[in-house]
Amino acid sequence: MIDRRTLLGTAMAAPFAGPALAQEGPFPSRPIRILLAFAPGGGTDLIARTVANAMSPSLGQPVVVENRPGAGGNIATEAAASARPDGYTMLMGNHGPMSVNVSLFRNMRVNPETALEPIGLVADAPLIVVVGPKSRATNLPELLAEIRAARGNITYGSASNGSASHLAAALMLQMAGLEAEHVPFRGAAPALTDVVAGHLHFMITTLPSVVGLLTSNSLRPLAVTGDARMTILPAIPTVAETIPGYKATAWYGLLVPRGTPEPVRARLFAAMRDALGNPEVIRRLREEGAEPSTLDGRGFAELIRWERERWATVVRQANITVD
């Protein structure tokens, strides 16, 4: 029998037992998952798996990637936001769901800014401006001159409405004071096929999607969209060298559900930082056109807010809507 004094003692002790995290023992005590808003096999999937594998030794537990594609990244974002805030579920967030979707989707179920807490920025991936036989341009100033002379009668492709390739091109045109006709596709590959065939004048896309076409000289690279030249393409200038202040990159960072304890967030950031210091990880990310980052949670949160504001302006001025 348990007497009244024992029950009272148990009740008084319970509030000081700590959260469920304390009951499981030191973090982490079981595998950790990273939710990813993209299908397996793509460049973002490779980046996520490379980083996940490299984080495992520091954490002493497997870190596995779980693909949750769909709804422009909102499905994975919602799943991460609704997960238990114990550090065992992370999201590999990118600029779309974190900063752009709020301007594209009218009825988002989750506000990433309030539902998630950033751990740190993993990598920043510039895009690349390419042209095919439809254009005679051999550099970006020549392409801009073609667009200006055509008075809007020039076409460019993108992976979809509101995609990184669409937004990067829209920003470039806005900053240059030019207009061109946007032709959206369902993915970068079919859009690039039309650029190679001479049906479209230009496209801004990710390096992995176009590297084979550059190697075969099917396309000409004119500029990259980051604020510095790419390590693996040092001869290709930046758009900013022609249009000062321009920058449009696809970035990737880790986030956890709001309410995850600070010591857990710190442990995850330390593992991420160790992974991104691994020479093999650095090499593999750069092969995908991504530059490793060590931006912490606070800096990553500031980047998300800044990106949200700037892309809201681009979306509004270009009247961009999703399918």
# chains A, B, ... in the order shown; residues from 1 in each chain; ligands from 1
$ residues_around --residues "segment 94-106 of chain A" --least-positions-apart "4" --cutoff "10 Å" --atoms "only C-alpha atoms" --output "JSON, numbers by chain"
{"A": [36, 37, 44, 71, 72, 73, 74, 75, 76, 77, 110, 111, 112, 113, 116, 121, 122, 123, 124, 161, 162, 163, 164, 167, 249, 250, 251, 252, 253, 254, 301, 303, 304, 305, 306, 307, 308, 309, 310, 311, 312, 313, 314, 315, 316, 319, 320, 321, 322, 323]}
$ select_by_dssp --residues "segment 75-121 of chain A" --states "strand (DSSP E)" --output "VMD selection string"
chain A and resid 89 to 94 116 to 121
$ write_last_selection --atoms "all heavy atoms" --output "mmCIF file, in the first residue's frame"
data_model
loop_
_atom_site.group_PDB
_atom_site.id
_atom_site.type_symbol
_atom_site.label_atom_id
_atom_site.label_comp_id
_atom_site.auth_asym_id
_atom_site.auth_seq_id
_atom_site.Cartn_x
_atom_site.Cartn_y
_atom_site.Cartn_z
ATOM 1 N N THR A 89 13.893 15.423 -34.303
ATOM 2 C CA THR A 89 13.386 15.745 -35.642
ATOM 3 C C THR A 89 13.912 17.118 -36.044
ATOM 4 O O THR A 89 13.677 18.105 -35.342
ATOM 5 C CB THR A 89 11.849 15.757 -35.682
ATOM 6 O OG1 THR A 89 11.356 14.462 -35.366
ATOM 7 C CG2 THR A 89 11.357 16.143 -37.074
ATOM 8 N N MET A 90 14.636 17.162 -37.148
ATOM 9 C CA MET A 90 15.104 18.418 -37.718
ATOM 10 C C MET A 90 14.530 18.567 -39.123
ATOM 11 O O MET A 90 14.054 17.600 -39.724
ATOM 12 C CB MET A 90 16.632 18.454 -37.788
ATOM 13 C CG MET A 90 17.328 18.517 -36.449
ATOM 14 S SD MET A 90 19.113 18.817 -36.624
ATOM 15 C CE MET A 90 19.664 17.197 -37.186
ATOM 16 N N LEU A 91 14.577 19.761 -39.630
ATOM 17 C CA LEU A 91 14.168 20.065 -40.999
ATOM 18 C C LEU A 91 15.343 20.657 -41.735
ATOM 19 O O LEU A 91 16.019 21.553 -41.215
ATOM 20 C CB LEU A 91 13.005 21.059 -41.006
ATOM 21 C CG LEU A 91 12.574 21.584 -42.385
ATOM 22 C CD1 LEU A 91 11.870 20.487 -43.189
ATOM 23 C CD2 LEU A 91 11.651 22.799 -42.245
ATOM 24 N N MET A 92 15.619 20.136 -42.942
ATOM 25 C CA MET A 92 16.566 20.809 -43.821
ATOM 26 C C MET A 92 15.757 21.825 -44.615
ATOM 27 O O MET A 92 15.133 21.497 -45.630
ATOM 28 C CB MET A 92 17.261 19.813 -44.750
ATOM 29 C CG MET A 92 18.281 20.461 -45.686
ATOM 30 S SD MET A 92 19.730 21.132 -44.831
ATOM 31 C CE MET A 92 20.733 19.640 -44.675
ATOM 32 N N GLY A 93 15.711 23.038 -44.108
ATOM 33 C CA GLY A 93 14.903 24.075 -44.733
ATOM 34 C C GLY A 93 15.683 24.811 -45.809
ATOM 35 O O GLY A 93 16.901 24.955 -45.712
ATOM 36 N N ASN A 94 14.986 25.255 -46.830
ATOM 37 C CA ASN A 94 15.640 26.067 -47.848
ATOM 38 C C ASN A 94 14.845 27.345 -48.066
ATOM 39 O O ASN A 94 13.812 27.576 -47.432
ATOM 40 C CB ASN A 94 15.831 25.278 -49.145
ATOM 41 C CG ASN A 94 14.560 25.194 -49.973
ATOM 42 O OD1 ASN A 94 13.477 24.981 -49.436
ATOM 43 N ND2 ASN A 94 14.695 25.359 -51.279
ATOM 44 N N LEU A 116 9.272 27.232 -36.034
ATOM 45 C CA LEU A 116 10.569 26.556 -36.056
ATOM 46 C C LEU A 116 11.665 27.455 -35.502
ATOM 47 O O LEU A 116 11.552 28.684 -35.539
ATOM 48 C CB LEU A 116 10.916 26.149 -37.492
ATOM 49 C CG LEU A 116 9.954 25.178 -38.180
ATOM 50 C CD1 LEU A 116 10.236 25.138 -39.676
ATOM 51 C CD2 LEU A 116 10.071 23.787 -37.581
ATOM 52 N N GLU A 117 12.716 26.831 -35.005
ATOM 53 C CA GLU A 117 13.881 27.561 -34.507
ATOM 54 C C GLU A 117 15.106 27.142 -35.316
ATOM 55 O O GLU A 117 15.406 25.945 -35.410
ATOM 56 C CB GLU A 117 14.112 27.272 -33.030
ATOM 57 C CG GLU A 117 12.998 27.788 -32.133
ATOM 58 C CD GLU A 117 13.340 27.662 -30.660
ATOM 59 O OE1 GLU A 117 14.247 28.393 -30.204
ATOM 60 O OE2 GLU A 117 12.712 26.841 -29.976
ATOM 61 N N PRO A 118 15.836 28.087 -35.887
ATOM 62 C CA PRO A 118 17.008 27.750 -36.693
ATOM 63 C C PRO A 118 18.164 27.219 -35.840
ATOM 64 O O PRO A 118 18.443 27.744 -34.754
ATOM 65 C CB PRO A 118 17.383 29.080 -37.343
ATOM 66 C CG PRO A 118 16.161 29.940 -37.237
ATOM 67 C CD PRO A 118 15.506 29.526 -35.962
ATOM 68 N N ILE A 119 18.821 26.190 -36.344
ATOM 69 C CA ILE A 119 20.045 25.667 -35.738
ATOM 70 C C ILE A 119 21.258 26.332 -36.370
ATOM 71 O O ILE A 119 22.163 26.809 -35.690
ATOM 72 C CB ILE A 119 20.135 24.140 -35.927
ATOM 73 C CG1 ILE A 119 19.008 23.448 -35.172
ATOM 74 C CG2 ILE A 119 21.497 23.617 -35.460
ATOM 75 C CD1 ILE A 119 19.052 23.625 -33.669
ATOM 76 N N GLY A 120 21.292 26.368 -37.690
ATOM 77 C CA GLY A 120 22.397 27.001 -38.394
ATOM 78 C C GLY A 120 22.275 26.794 -39.885
ATOM 79 O O GLY A 120 21.552 25.913 -40.361
ATOM 80 N N LEU A 121 22.974 27.627 -40.638
ATOM 81 C CA LEU A 121 22.982 27.527 -42.098
ATOM 82 C C LEU A 121 24.007 26.490 -42.516
ATOM 83 O O LEU A 121 25.163 26.547 -42.087
ATOM 84 C CB LEU A 121 23.306 28.882 -42.728
ATOM 85 C CG LEU A 121 23.272 28.956 -44.253
ATOM 86 C CD1 LEU A 121 21.848 28.775 -44.767
ATOM 87 C CD2 LEU A 121 23.842 30.286 -44.736
#
$ closest_residue --among "A:Ala81, A:Ala115, A:Ala271, A:Ala125" --to "Pro292 of chain A" --atoms "only C-alpha atoms"
A:Ala125
$ residues_around --residues "segment 203-212 of chain A" --least-positions-apart "6" --cutoff "10 Å" --atoms "only C-alpha atoms" --output "PyMOL selection string"
chain A and resi 42-44+125-132+155-159+163-170+172+182-183+187-189+191-192+194-195+218-219+221-225+249-250+287-290
$ residues_around --residues "Pro244 of chain A" --least-positions-apart "5" --cutoff "12 Å" --atoms "only C-alpha atoms" --output "compact mmCIF listing (two decimals) with C-alpha atoms, in the first residue's frame"
# COMPACT_ATOMS: atom_id res chain seq x y z
CA MET A 172 17.87 40.27 -62.27
CA MET A 175 17.28 45.38 -61.02
CA ALA A 176 18.30 45.91 -64.67
CA THR A 225 24.32 34.66 -58.87
CA GLY A 226 26.22 34.69 -55.58
CA ASP A 227 28.15 37.62 -54.13
CA ALA A 228 31.47 35.96 -55.05
CA THR A 238 29.07 37.22 -60.84
CA VAL A 239 25.88 38.98 -61.88
$ closest_residue --among "A:Leu59, A:Asn139, A:Gly177, A:Phe38" --to "Arg273 of chain A" --atoms "only C-alpha atoms"
A:Leu59
$ residues_around --residues "Ala275 of chain A" --least-positions-apart "6" --cutoff "10 Å" --atoms "only C-alpha atoms" --output "list in words"
Thr50, Val51, Ala52, Asn53, Ala54, Met55, Ser56, Pro57, Ser58, Val122, Phe269, Val281, Ile282 and Pro292 of chain A
$ write_last_selection --atoms "N, CA and C atoms" --output "compact mmCIF listing (two decimals), in the first residue's frame"
# COMPACT_ATOMS: atom_id res chain seq x y z
N THR A 50 24.85 13.94 -47.16
CA THR A 50 26.27 14.14 -46.87
C THR A 50 26.45 14.73 -45.48
N VAL A 51 25.67 15.75 -45.17
CA VAL A 51 25.78 16.40 -43.87
C VAL A 51 25.27 15.49 -42.76
N ALA A 52 24.17 14.79 -43.01
CA ALA A 52 23.62 13.88 -42.01
C ALA A 52 24.63 12.81 -41.63
N ASN A 53 25.26 12.19 -42.62
CA ASN A 53 26.24 11.14 -42.35
C ASN A 53 27.43 11.68 -41.56
N ALA A 54 27.83 12.91 -41.87
CA ALA A 54 28.98 13.49 -41.19
C ALA A 54 28.65 13.95 -39.77
N MET A 55 27.38 14.19 -39.47
CA MET A 55 26.98 14.59 -38.12
C MET A 55 26.89 13.40 -37.16
N SER A 56 26.68 12.21 -37.70
CA SER A 56 26.46 11.02 -36.86
C SER A 56 27.60 10.75 -35.88
N PRO A 57 28.88 10.79 -36.31
CA PRO A 57 29.95 10.50 -35.36
C PRO A 57 29.98 11.46 -34.16
N SER A 58 29.71 12.75 -34.42
CA SER A 58 29.73 13.73 -33.33
C SER A 58 28.60 13.48 -32.34
N VAL A 122 23.61 25.54 -43.34
CA VAL A 122 24.50 24.47 -43.80
C VAL A 122 25.31 24.92 -45.01
N PHE A 269 24.01 22.11 -33.27
CA PHE A 269 24.83 23.07 -34.00
C PHE A 269 26.30 22.67 -33.98
N VAL A 281 33.41 16.51 -46.73
CA VAL A 281 32.10 17.16 -46.82
C VAL A 281 32.21 18.45 -47.63
N ILE A 282 33.24 19.22 -47.37
CA ILE A 282 33.46 20.46 -48.11
C ILE A 282 33.60 20.16 -49.60
N PRO A 292 29.95 25.64 -48.13
CA PRO A 292 29.62 25.37 -46.73
C PRO A 292 29.59 26.65 -45.90
